[in-house]
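Trainee: Below is upload_18.txt; it holds compact mmCIF, C-alpha atoms.
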# COMPACT_ATOMS: atom_id res chain seq x y z
CA MET A 9 27.73 -21.32 -49.20
CA MET A 10 24.00 -20.87 -49.88
CA ASN A 11 22.88 -18.54 -52.66
CA LEU A 12 20.81 -15.53 -51.72
CA THR A 13 19.12 -12.71 -53.59
CA CYS A 14 18.31 -9.17 -52.43
CA SER A 15 14.71 -10.24 -51.81
CA ASP A 16 15.87 -12.56 -49.02
CA ARG A 17 17.38 -9.68 -47.08
CA GLU A 18 14.37 -8.61 -44.97
CA ARG A 19 13.40 -12.17 -44.14
CA ILE A 20 16.91 -12.72 -42.78
CA PHE A 21 16.74 -9.44 -40.85
CA GLU A 22 13.57 -10.71 -39.20
CA ASP A 23 14.42 -14.32 -38.48
CA GLY A 24 17.57 -15.48 -40.25
CA THR A 25 19.76 -18.32 -39.08
CA PRO A 26 23.49 -17.72 -38.48
CA ALA A 27 24.21 -19.48 -41.79
CA GLU A 28 21.81 -17.20 -43.63
CA TRP A 29 23.40 -14.15 -42.01
CA ALA A 30 26.82 -15.33 -43.15
CA ALA A 31 25.45 -15.83 -46.67
CA LEU A 32 23.93 -12.33 -46.60
CA GLU A 33 27.28 -10.85 -45.56
CA ALA A 34 28.91 -12.63 -48.49
CA HIS A 35 26.21 -11.42 -50.87
CA ALA A 36 26.54 -7.83 -49.55
CA SER A 37 30.24 -7.77 -50.38
CA GLY A 38 29.24 -7.71 -54.04
CA CYS A 39 25.93 -5.84 -53.72
CA PRO A 40 26.17 -2.14 -52.68
CA ALA A 41 22.42 -1.87 -51.95
CA CYS A 42 22.42 -4.85 -49.58
CA ALA A 43 25.73 -3.68 -48.05
CA GLU A 44 24.16 -0.32 -47.21
CA GLU A 45 21.03 -1.93 -45.79
CA LEU A 46 23.07 -4.36 -43.74
CA ARG A 47 25.25 -1.56 -42.38
CA ALA A 48 22.25 0.56 -41.40
CA TRP A 49 20.51 -2.43 -39.83
CA LYS A 50 23.48 -3.37 -37.70
CA SER A 51 24.21 0.19 -36.70
CA LEU A 52 20.89 0.24 -34.81
CA SER A 53 22.20 -2.48 -32.53
CA VAL A 54 25.35 -0.47 -31.92
CA VAL A 55 23.44 2.73 -31.22
CA ALA A 56 21.28 0.78 -28.76
CA GLN A 57 24.34 0.30 -26.57
CA GLU A 58 24.16 4.02 -25.83
CA LEU A 59 21.12 3.26 -23.71
CA ARG A 60 22.91 0.60 -21.69
CA GLU A 61 24.08 1.99 -18.40
CA HIS A 62 24.62 -0.62 -15.75
CA THR A 63 25.80 1.51 -12.87
CA GLU A 64 25.90 0.12 -9.37
CA SER A 65 23.49 1.57 -6.80
CA PRO A 66 24.66 0.33 -3.39
CA ALA A 67 22.18 2.55 -1.52
CA LEU A 68 19.28 1.08 -3.46
CA TRP A 69 19.85 -2.39 -2.02
CA GLY A 70 19.71 -0.90 1.50
CA ARG A 71 16.32 0.62 0.72
CA ILE A 72 15.03 -2.61 -0.77
CA GLU A 73 16.32 -4.68 2.13
CA SER A 74 14.56 -2.44 4.67
CA ALA A 75 11.32 -2.55 2.68
CA LEU A 76 11.50 -6.34 2.41
CA ALA A 77 12.15 -6.69 6.15
CA GLU A 78 9.19 -4.41 6.96
CA GLU A 79 6.93 -6.39 4.66
CA ASP A 80 8.17 -9.60 6.26
CA ALA A 81 7.31 -8.29 9.73
CA ARG A 82 3.83 -7.29 8.53
CA ASN A 83 3.32 -10.75 7.05
CA ALA A 84 4.40 -12.34 10.33
CA GLY A 85 1.78 -10.25 12.18
CA ARG A 86 -0.92 -11.31 9.73
CA ALA A 87 0.10 -14.95 10.08
CA GLN A 88 -0.10 -14.64 13.87
CA ARG A 89 -3.67 -13.34 13.62
CA ARG A 90 -4.60 -16.11 11.23
CA ARG A 91 -3.28 -18.69 13.71
CA TRP A 92 -5.94 -17.61 16.22
CA PHE A 93 -8.59 -18.91 13.89
CA SER A 94 -6.62 -21.88 12.59
CA PHE A 95 -8.52 -24.28 14.88
CA LEU A 96 -11.53 -23.77 12.59
CA GLN A 97 -9.68 -25.61 9.82
CA ASN A 98 -9.71 -28.81 11.89
CA ILE A 99 -13.49 -28.72 12.42
CA PRO A 100 -15.55 -30.39 9.68
CA LEU A 101 -17.62 -28.05 7.55
CA GLY A 102 -20.87 -29.65 8.80
CA TRP A 103 -20.04 -28.84 12.42
CA GLN A 104 -18.99 -25.33 11.46
CA THR A 105 -22.39 -24.86 9.81
CA ILE A 106 -24.21 -26.20 12.88
CA ALA A 107 -22.19 -23.92 15.17
CA ALA A 108 -22.91 -20.92 12.98
CA GLY A 109 -26.63 -21.82 12.94
CA ALA A 110 -26.70 -22.16 16.72
CA LEU A 111 -25.01 -18.78 17.09
CA VAL A 112 -27.58 -17.17 14.81
CA LEU A 113 -30.40 -18.83 16.82
CA VAL A 114 -29.01 -17.57 20.14
CA LEU A 115 -28.64 -14.07 18.76
CA THR A 116 -32.19 -14.11 17.38
CA ILE A 117 -33.67 -15.28 20.71
CA SER A 118 -31.64 -12.69 22.62
CA ALA A 119 -32.80 -9.94 20.29
CA GLY A 120 -36.44 -11.08 20.69
CA TRP A 121 -36.11 -11.12 24.50
CA ILE A 122 -34.63 -7.65 24.56
CA TYR A 123 -37.38 -6.44 22.21
CA ILE A 124 -40.20 -7.82 24.39
CA HIS A 125 -38.92 -6.96 27.87
CA PRO A 126 -37.45 -3.51 27.75
CA LEU A 127 -40.91 -1.82 28.35
CA ASP A 128 -41.45 -3.55 31.72
CA ARG A 129 -37.92 -2.97 32.81
CA GLY A 130 -38.09 0.58 31.57
CA SER A 131 -41.28 1.40 33.56
CA ASP A 132 -39.74 -0.10 36.73
CA GLY A 133 -36.69 1.89 36.19
CA ASP A 134 -38.67 5.09 35.70
CA LYS A 135 -40.65 4.52 38.92
CA SER A 136 -37.50 3.91 40.82
CA LEU A 137 -36.07 7.12 39.47
CA LEU A 138 -39.20 9.06 40.41
CA ARG A 139 -39.15 7.64 43.90
CA SER A 140 -35.54 8.57 44.34
CA ALA A 141 -36.21 12.07 43.03
CA ALA A 142 -39.26 12.51 45.33
CA LEU A 143 -37.26 11.35 48.32
CA LYS A 144 -34.53 13.77 47.49
CA ASN A 145 -37.07 16.62 47.30
CA VAL A 146 -38.57 15.68 50.67
CA GLU A 147 -35.18 15.46 52.31
CA SER A 148 -34.02 18.81 50.94
CA ALA A 149 -37.32 20.49 51.97
CA GLU A 150 -37.05 18.88 55.40
CA ALA A 151 -33.49 20.15 55.81
CA ALA A 152 -34.59 23.70 54.92
CA TYR A 153 -37.51 23.43 57.30
CA ILE A 154 -35.29 22.19 60.18
CA GLN A 155 -32.89 25.03 59.51
CA ALA A 156 -35.70 27.57 59.74
CA ILE A 157 -37.03 26.05 63.00
CA ASP A 158 -33.53 25.98 64.47
CA LYS A 159 -33.25 29.67 63.68
CA LEU A 160 -36.55 30.23 65.49
CA ALA A 161 -35.30 28.13 68.43
CA SER A 162 -32.11 30.18 68.69
CA GLU A 163 -34.24 33.37 68.99
CA ALA A 164 -36.29 31.82 71.77
CA SER A 165 -33.39 30.17 73.53
CA SER A 166 -32.68 33.11 75.91
CA GLN A 167 -36.19 32.77 77.45
CA LEU A 168 -36.30 29.01 77.46
CA ASP A 169 -32.86 28.40 78.99
CA ASN A 170 -33.87 30.50 82.05
CA PRO A 171 -37.71 30.53 82.13
CA ALA A 172 -38.98 33.58 84.01
CA THR A 173 -42.58 32.35 84.32
CA PRO A 174 -44.29 28.99 84.86
CA LEU A 175 -45.75 29.31 81.32
CA LEU A 176 -42.31 29.56 79.75
CA ALA A 177 -41.17 26.64 81.95
CA ASN A 178 -44.04 24.56 80.50
CA TYR A 179 -43.07 25.55 76.92
CA HIS A 180 -39.52 24.57 77.73
CA GLU A 181 -40.59 21.16 78.94
CA LYS A 182 -42.94 20.71 75.94
CA LEU A 183 -40.16 21.62 73.48
CA MET A 184 -37.78 19.15 75.13
CA LEU A 185 -40.37 16.39 74.71
CA LEU A 186 -40.93 17.40 71.08
CA ASP A 187 -37.16 17.36 70.41
CA SER A 188 -36.94 13.91 71.94
CA ALA A 189 -39.84 12.62 69.77
CA ILE A 190 -38.35 14.28 66.67
CA ALA A 191 -34.95 12.63 67.31
CA GLU A 192 -36.63 9.23 67.65
CA LEU A 193 -38.67 9.67 64.44
CA ARG A 194 -35.61 10.89 62.53
CA ALA A 195 -33.73 7.80 63.61
CA GLN A 196 -36.55 5.59 62.30
CA ALA A 197 -36.78 7.62 59.07
CA GLY A 198 -33.03 7.17 58.59
CA LEU A 199 -33.52 3.40 58.68
CA ASN A 200 -36.51 3.50 56.34
CA PRO A 201 -36.23 6.67 54.28
CA SER A 202 -39.04 5.77 51.84
CA ASN A 203 -41.64 5.35 54.63
CA ALA A 204 -44.02 8.21 53.95
CA GLN A 205 -45.96 7.68 57.21
CA LEU A 206 -42.87 8.41 59.34
CA ARG A 207 -42.26 11.54 57.24
CA TYR A 208 -45.80 12.79 57.95
CA GLN A 209 -45.38 12.17 61.71
CA LEU A 210 -42.03 13.97 61.65
CA LEU A 211 -43.61 16.90 59.79
CA ALA A 212 -46.39 17.09 62.41
CA MET A 213 -43.76 17.18 65.20
CA TYR A 214 -41.87 19.99 63.48
CA GLN A 215 -45.10 21.95 62.98
CA GLU A 216 -45.88 21.50 66.68
CA LYS A 217 -42.38 22.67 67.62
CA GLN A 218 -42.77 25.66 65.27
CA ARG A 219 -46.09 26.63 66.94
CA ALA A 220 -44.59 26.28 70.43
CA LEU A 221 -41.58 28.46 69.52
CA GLU A 222 -43.82 31.10 67.91
CA GLU A 223 -45.90 31.21 71.14
CA VAL A 224 -42.69 31.59 73.21
CA LEU A 225 -41.66 34.52 71.03
CA GLU A 226 -45.15 36.07 71.40
CA VAL A 227 -44.78 35.86 75.19
CA LYS A 228 -41.47 37.62 74.89
CA GLN A 229 -43.00 40.46 72.84
CA ARG A 230 -45.73 41.02 75.45
CA MET B 22 19.27 4.16 -50.71
CA GLY B 23 19.35 6.52 -47.78
CA THR B 24 21.70 6.18 -44.90
CA MET B 25 20.84 6.53 -41.26
CA GLY B 26 21.50 9.97 -39.94
CA LEU B 27 23.89 8.82 -37.27
CA ALA B 28 26.89 10.82 -36.23
CA LEU B 29 29.51 8.09 -36.32
CA PRO B 30 31.36 6.61 -39.30
CA TRP B 31 30.58 3.01 -40.13
CA GLU B 32 33.86 1.65 -38.79
CA ALA B 33 33.35 3.26 -35.40
CA ARG B 34 29.76 2.12 -35.14
CA ILE B 35 30.26 -1.56 -35.89
CA PRO B 36 33.13 -3.13 -34.03
CA SER B 37 34.85 -5.74 -36.18
CA ALA B 38 34.50 -8.35 -33.45
CA ALA B 39 30.76 -7.93 -33.42
CA ARG B 40 30.00 -8.32 -37.10
CA GLU B 41 27.41 -10.93 -36.45
CA ARG B 42 23.71 -10.38 -36.99
CA GLY B 43 23.01 -9.16 -33.53
CA THR B 44 26.22 -7.29 -32.76
CA ARG B 45 24.70 -7.63 -29.36
CA VAL B 46 26.30 -8.92 -26.26
CA GLU B 47 24.58 -11.98 -24.92
CA PRO B 48 22.92 -11.66 -21.52
CA SER B 49 25.35 -13.84 -19.65
CA GLU B 50 28.20 -11.58 -20.74
CA HIS B 51 26.87 -8.40 -19.27
CA LEU B 52 25.04 -9.31 -16.15
CA ALA B 53 25.52 -6.51 -13.69
CA GLY B 54 27.19 -8.73 -11.20
CA GLY B 55 29.79 -9.90 -13.68
CA PRO B 56 30.64 -13.54 -14.18
CA ASN B 57 28.99 -15.90 -11.76
CA PRO B 58 31.64 -16.87 -9.24
CA ALA B 59 29.98 -20.15 -8.43
CA ALA B 60 29.62 -20.95 -12.16
CA MET B 61 26.28 -22.54 -11.40
CA ASP B 62 24.05 -23.84 -14.17
CA PRO B 63 21.57 -21.04 -15.04
CA THR B 64 18.55 -23.29 -14.49
CA THR B 65 19.84 -24.44 -11.13
CA GLU B 66 20.75 -20.89 -10.20
CA ASP B 67 17.29 -19.72 -11.16
CA ALA B 68 15.62 -22.49 -9.15
CA ALA B 69 17.86 -21.78 -6.17
CA LEU B 70 16.98 -18.09 -6.30
CA ALA B 71 13.27 -18.89 -6.50
CA ALA B 72 13.50 -21.33 -3.59
CA GLY B 73 15.49 -18.85 -1.48
CA CYS B 74 13.03 -16.04 -2.13
CA LEU B 75 10.09 -18.37 -1.42
CA SER B 76 11.57 -19.25 1.95
CA GLY B 77 11.92 -15.55 2.74
CA ASP B 78 15.71 -15.63 2.75
CA LEU B 79 16.91 -12.05 2.34
CA ARG B 80 20.24 -13.31 1.01
CA ALA B 81 18.42 -14.77 -1.98
CA TYR B 82 16.90 -11.36 -2.70
CA GLU B 83 20.33 -9.81 -2.27
CA ARG B 84 21.74 -12.27 -4.77
CA LEU B 85 18.93 -11.52 -7.20
CA TYR B 86 19.72 -7.84 -6.79
CA GLY B 87 23.44 -8.47 -7.23
CA MET B 88 22.86 -10.36 -10.45
CA HIS B 89 20.09 -8.28 -11.99
CA GLY B 90 19.68 -5.08 -9.97
CA ALA B 91 21.70 -2.86 -12.28
CA ARG B 92 20.07 -4.28 -15.40
CA MET B 93 16.63 -3.95 -13.86
CA LYS B 94 17.35 -0.35 -12.97
CA ASN B 95 18.63 0.36 -16.49
CA LEU B 96 15.52 -1.15 -18.06
CA ALA B 97 13.29 0.82 -15.69
CA ARG B 98 15.33 3.93 -16.47
CA ASN B 99 14.71 3.47 -20.18
CA LEU B 100 11.01 2.86 -19.64
CA LEU B 101 10.43 5.65 -17.12
CA GLY B 102 12.95 8.24 -18.21
CA ASN B 103 14.60 9.10 -14.91
CA PRO B 104 16.74 7.28 -12.35
CA MET B 105 14.64 8.15 -9.29
CA ASP B 106 11.48 6.60 -10.68
CA ALA B 107 13.58 3.68 -11.92
CA GLU B 108 14.87 2.97 -8.40
CA ASP B 109 11.35 3.18 -6.98
CA ALA B 110 10.16 0.73 -9.63
CA VAL B 111 12.94 -1.74 -8.83
CA GLN B 112 12.14 -1.54 -5.11
CA GLU B 113 8.45 -2.04 -5.81
CA THR B 114 9.30 -5.01 -8.01
CA PHE B 115 11.21 -6.71 -5.20
CA LEU B 116 8.25 -6.16 -2.86
CA LYS B 117 5.86 -7.58 -5.43
CA VAL B 118 8.12 -10.60 -5.88
CA GLN B 119 8.07 -11.13 -2.12
CA ARG B 120 4.28 -10.81 -1.97
CA SER B 121 3.53 -13.11 -4.88
CA ILE B 122 6.39 -15.61 -4.82
CA ALA B 123 4.01 -18.18 -3.31
CA GLY B 124 1.99 -18.01 -6.53
CA PHE B 125 5.01 -18.52 -8.80
CA ARG B 126 4.37 -21.79 -10.64
CA GLY B 127 7.61 -22.01 -12.58
CA GLN B 128 5.94 -21.72 -15.99
CA SER B 129 8.75 -19.37 -16.96
CA SER B 130 12.11 -18.86 -15.28
CA PHE B 131 12.09 -16.98 -12.01
CA VAL B 132 14.20 -14.17 -13.45
CA THR B 133 11.92 -13.85 -16.48
CA TRP B 134 8.96 -13.68 -14.11
CA THR B 135 10.74 -10.98 -12.10
CA TYR B 136 11.36 -8.89 -15.22
CA ARG B 137 7.73 -9.28 -16.22
CA ILE B 138 6.77 -7.82 -12.85
CA LEU B 139 9.28 -5.00 -13.36
CA ILE B 140 7.90 -4.09 -16.79
CA ASN B 141 4.32 -4.07 -15.48
CA THR B 142 5.42 -2.01 -12.47
CA CYS B 143 7.06 0.53 -14.78
CA TYR B 144 3.91 0.89 -16.85
CA ASP B 145 1.80 1.19 -13.70
CA ALA B 146 4.16 3.91 -12.47
CA ARG B 147 3.95 5.73 -15.78
CA ARG B 148 0.16 5.60 -15.77
CA SER B 149 0.07 6.83 -12.19
CA ARG B 150 2.55 9.62 -12.94
CA LEU B 151 0.60 10.70 -16.00
CA ARG B 152 -2.66 10.73 -14.08
CA LYS B 153 -1.07 12.97 -11.49
CA LYS B 154 0.36 15.37 -14.00
CA GLU B 155 -2.82 15.29 -16.09
CA ILE B 156 -0.93 15.32 -19.32
CA ALA B 157 -3.44 15.50 -22.09
CA ASN B 158 -1.08 15.27 -24.99
CA ASP B 159 -1.11 11.78 -26.51
CA ASP B 160 2.50 11.89 -27.60
CA SER B 161 3.87 12.83 -24.24
CA SER B 162 1.57 10.37 -22.51
CA GLU B 163 2.94 7.57 -24.65
CA SER B 164 6.58 8.33 -24.20
CA PRO B 165 8.81 8.77 -21.18
CA ARG B 166 10.64 12.05 -20.76
CA PRO B 167 14.26 11.11 -20.47
CA GLU B 168 16.53 13.01 -18.15
CA PRO B 169 20.18 13.60 -18.97
CA ARG B 170 22.43 10.68 -18.17
CA ALA B 171 25.63 10.95 -16.25
CA SER B 172 28.03 10.06 -19.01
CA VAL B 173 27.50 8.61 -22.44
CA ALA B 174 29.85 8.36 -25.37
CA HIS B 175 27.55 9.99 -27.89
CA PRO B 176 24.84 12.08 -26.22
CA SER B 177 23.31 13.38 -29.45
CA LEU B 178 23.04 9.85 -30.79
CA ARG B 179 21.44 8.61 -27.61
CA MET B 180 18.99 11.49 -27.49
CA ALA B 181 18.00 10.89 -31.10
CA LEU B 182 17.40 7.23 -30.29
CA GLU B 183 15.38 8.06 -27.19
CA ARG B 184 13.18 10.39 -29.19
CA ALA B 185 12.73 7.76 -31.88
CA LEU B 186 11.95 5.07 -29.31
CA ALA B 187 9.28 7.28 -27.84
CA SER B 188 7.49 7.20 -31.17
CA LEU B 189 7.28 3.41 -31.26
CA THR B 190 4.39 1.38 -29.93
CA ARG B 191 4.75 0.07 -26.39
CA HIS B 192 5.46 -3.48 -27.56
CA GLN B 193 8.01 -2.39 -30.14
CA ARG B 194 9.81 -0.25 -27.58
CA ASP B 195 9.76 -3.02 -24.98
CA VAL B 196 11.13 -5.65 -27.37
CA PHE B 197 13.81 -3.33 -28.72
CA LEU B 198 14.98 -2.37 -25.23
CA LEU B 199 14.92 -5.94 -23.96
CA TYR B 200 16.71 -7.40 -26.98
CA GLU B 201 19.09 -4.73 -28.18
CA VAL B 202 19.80 -2.85 -24.96
CA GLN B 203 19.38 -5.42 -22.20
CA GLY B 204 20.53 -8.35 -24.30
CA PHE B 205 17.74 -10.84 -23.62
CA ARG B 206 16.97 -13.62 -26.06
CA HIS B 207 13.67 -13.80 -27.90
CA ALA B 208 12.65 -16.81 -25.82
CA GLU B 209 13.16 -14.79 -22.63
CA ILE B 210 11.39 -11.74 -24.03
CA ALA B 211 8.47 -13.94 -25.05
CA GLY B 212 8.18 -15.08 -21.43
CA MET B 213 8.41 -11.56 -20.06
CA LEU B 214 5.86 -10.00 -22.39
CA GLU B 215 3.66 -13.11 -22.63
CA ILE B 216 3.92 -13.27 -26.40
CA THR B 217 5.30 -15.95 -28.73
CA GLU B 218 8.93 -16.04 -29.76
CA THR B 219 7.91 -15.42 -33.36
CA ALA B 220 5.91 -12.38 -32.29
CA SER B 221 8.97 -11.10 -30.44
CA LYS B 222 11.14 -11.47 -33.56
CA ASN B 223 8.51 -9.83 -35.74
CA THR B 224 8.01 -6.97 -33.29
CA LEU B 225 11.78 -6.35 -33.15
CA PHE B 226 11.92 -6.32 -36.96
CA GLN B 227 9.08 -3.77 -37.12
CA ALA B 228 10.67 -1.69 -34.35
CA LYS B 229 13.99 -1.53 -36.18
CA LYS B 230 12.34 -0.70 -39.47
CA ASN B 231 10.47 2.16 -37.82
CA LEU B 232 13.61 3.35 -36.03
CA ARG B 233 15.51 3.38 -39.31
CA GLN B 234 12.86 5.59 -40.86
CA LEU B 235 12.79 7.86 -37.80
CA LEU B 236 16.56 8.21 -37.57
CA GLU B 237 17.12 8.55 -41.32
CA PRO B 238 17.53 12.14 -42.51
CA PRO B 239 15.14 13.41 -45.20
CA ARG B 240 16.07 11.92 -48.59
CA SER B 241 16.51 15.33 -50.25
CA SER B 242 19.10 16.50 -47.74
CA SER B 243 20.77 13.13 -47.94
CA ALA B 244 21.06 13.47 -51.72
CA GLU B 245 22.44 16.98 -51.36
CA ALA B 246 25.04 15.77 -48.94
CA ARG B 247 26.22 13.31 -51.54
Using structure tokens, write down the structure from this file.

Mentor:
Amino acid sequence: MMNLTCSDRERIFEDGTPAEWAALEAHASGCPACAEELRAWKSLSVVAQELREHTESPALWGRIESALAEEDARNAGRAQRRRWFSFLQNIPLGWQTIAAGALVLVLTISAGWIYIHPLDRGSDGDKSLLRSAALKNVESAEAAYIQAIDKLASEASSQLDNPATPLLANYHEKLMLLDSAIAELRAQAGLNPSNAQLRYQLLAMYQEKQRALEEVLEVKQR
Amino acid sequence: MGTMGLALPWEARIPSAARERGTRVEPSEHLAGGPNPAAMDPTTEDAALAAGCLSGDLRAYERLYGMHGARMKNLARNLLGNPMDAEDAVQETFLKVQRSIAGFRGQSSFVTWTYRILINTCYDARRSRLRKKEIANDDSSESPRPEPRASVAHPSLRMALERALASLTRHQRDVFLLYEVQGFRHAEIAGMLEITETASKNTLFQAKKNLRQLLEPPRSSSAEAR
């Protein structure tokens, strides 16, 4: 048995070998101070057991299992997405650089083209819009005008359907010719709606018809 | 020489069978899952667990939980102070193991590595909880607030120890809990806390010295009692 003194006690508490601990126990049997220190030191280890509480938690494993499975599914999704780009790994870095450079070049040229050309395309587009808007205005005005003339024609229809005088019979014949010409011009304008010349001729025909109807109504008033 | 102000007589506190320096039960004796039915070599078992978890086998995680779940929860409980937070920490630890198992290089054992993650997770949880509660007091920010436990033999003794533990430094508390409560060896603790084995021994010595002072009644009252 090795010999110990009280001064060895703390060193053994910190890092003593089993043999040194046995020697300390032997020493403590004849040394009240070391016996008390040894008892107090060991009692800490016993008290520590009060904090040990290894209770089973069956529900906890269920929670953990679900969380692990969810994480696994998320990882599988991420791996799937990575596989889409996995072909890049087989292409040498030099080729990848060239491809990236070519892509940048194409994008730069495209951007330059778009920057230069939008003014021309924009002005064409604007003209086209204006033309469409002008045509729409003409057509709506024409429709209103035709409606007004038709209203005039309905007022004069009683005299024209059964002309009482040779003058009214002439107006009747003139209006029939005008209607025929108007129908022909409208058919041509339908085929070529942006032809301004046809529109002017059509307008002249309507104005002529309007004058003829007004004269018929004047005859009626007399 | 003063005595520790503990409620139990000496005979009750130190079982005769445990009159060895540690009086502690060695880890293999108190694993939550009891004795290993397969009686596999610990190193092989550890490697098998690591390989199973690496391959994403849920049964390996279940085995890890079966072997260490209760002990992990107990350690988390002692670090965090309540069982709910402890369970969250254990769950988070398993998720972190799953996320980072590919980076496990085997420099320590797989179980040691898992406990290291658990300890860090507990301290992260404590920091997060303290931020939320905006506790300004340094003392309370350093120590967990233990909740009553279901059943303990000596509640006053345990409460006194918990209060005393709260006054220790983080490292002292960690080493004391890992060695004296959870029953790990210094070599394992060194791996978990990334310190040397000597530092672990020294820290435990300092922790116990401080605990003795904290648990010892004032000398005057002790003298009067005599």

Trainee: With only C-alpha atoms as the basis for distance, which of A:Ala177, A:Met10, A:Ala31, A:Ala48 is at the shortest distance from Lys229 of chain B?

Mentor: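 Looking at the shortest contact to Lys229 of chain B, the residue is A:Ala48.
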
Trainee: When the cut-off is 8 Å and we count all atoms listed in the file, which residues of chain A are near chain B, given as number ranges by chain?

Mentor: A: 21-23, 26, 29, 41, 44, 47-65, 68-69, 71-73, 75-76, 79-80

Trainee: Work out how far apart atom CA of Ile157 of chain A and atom CA of Gln218 of chain A are and give it in Å to one decimal.

Mentor: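 Atom CA of Gln218 of chain A lies at a distance of 6.2 Å from atom CA of Ile157 of chain A.
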
Trainee: In Å, rounded to a single decimal, give me how far atom CA of Tyr214 of chain A is from atom CA of Ala156 of chain A.

Mentor: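 Pair atom CA of Ala156 of chain A / atom CA of Tyr214 of chain A returns 10.5 Å.
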
Trainee: In the coordinate frame of the file, compute which residues have an atom within 12 Å of (-44.0, 11.3, 60.6) when using all atoms listed in the file, and state them as a PyMOL selection string.

Mentor: chain A and resi 150+189-198+200-215

Trainee: Between A:His35, A:Lys182, A:Lys228, A:Arg89, which one has atoms that come closest to Asn11 of chain A, using all atoms listed in the file?

Mentor: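 Closest residue, counting all atoms listed in the file: A:His35.
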
Trainee: Around all of segment 83-92 of chain A's listed atoms, make the axis-aligned box with 5 Å on each side and tell me centre and edge lengths in Å to one decimal, as lines of an AutoDock Vina configuration file.

Mentor:
center_x = -0.8
center_y = -14.5
center_z = 11.6
size_x = 20.3
size_y = 18.4
size_z = 19.2

Trainee: Would you kindly return, as an MDAnalysis selection string, each protein, DNA or RNA residue with an atom no farther than 12 Å from any atom of Cys14 of chain A, considering all atoms listed in the file and excluding same-chain residues fewer than 6 positions away?

Mentor: chainID A and resid 20:21 31:36 38:46

Trainee: Kindly give the distance, in Å, that separates atom CA of Ala110 of chain B and atom CA of Glu78 of chain A, rounded to a single decimal.

Mentor: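 Taking atom CA of Ala110 of chain B and atom CA of Glu78 of chain A, their separation equals 17.4 Å.
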
Trainee: Mind checking which residues fall within 12 Å of Glu215 of chain B, counting all atoms listed in the file, ignoring those fewer than 6 positions away in the same chain, and posting them as a VMD selection string?

Mentor: chain B and resid 128 to 129 133 to 134 136 to 138 140 to 141 192 196 207 to 209 221
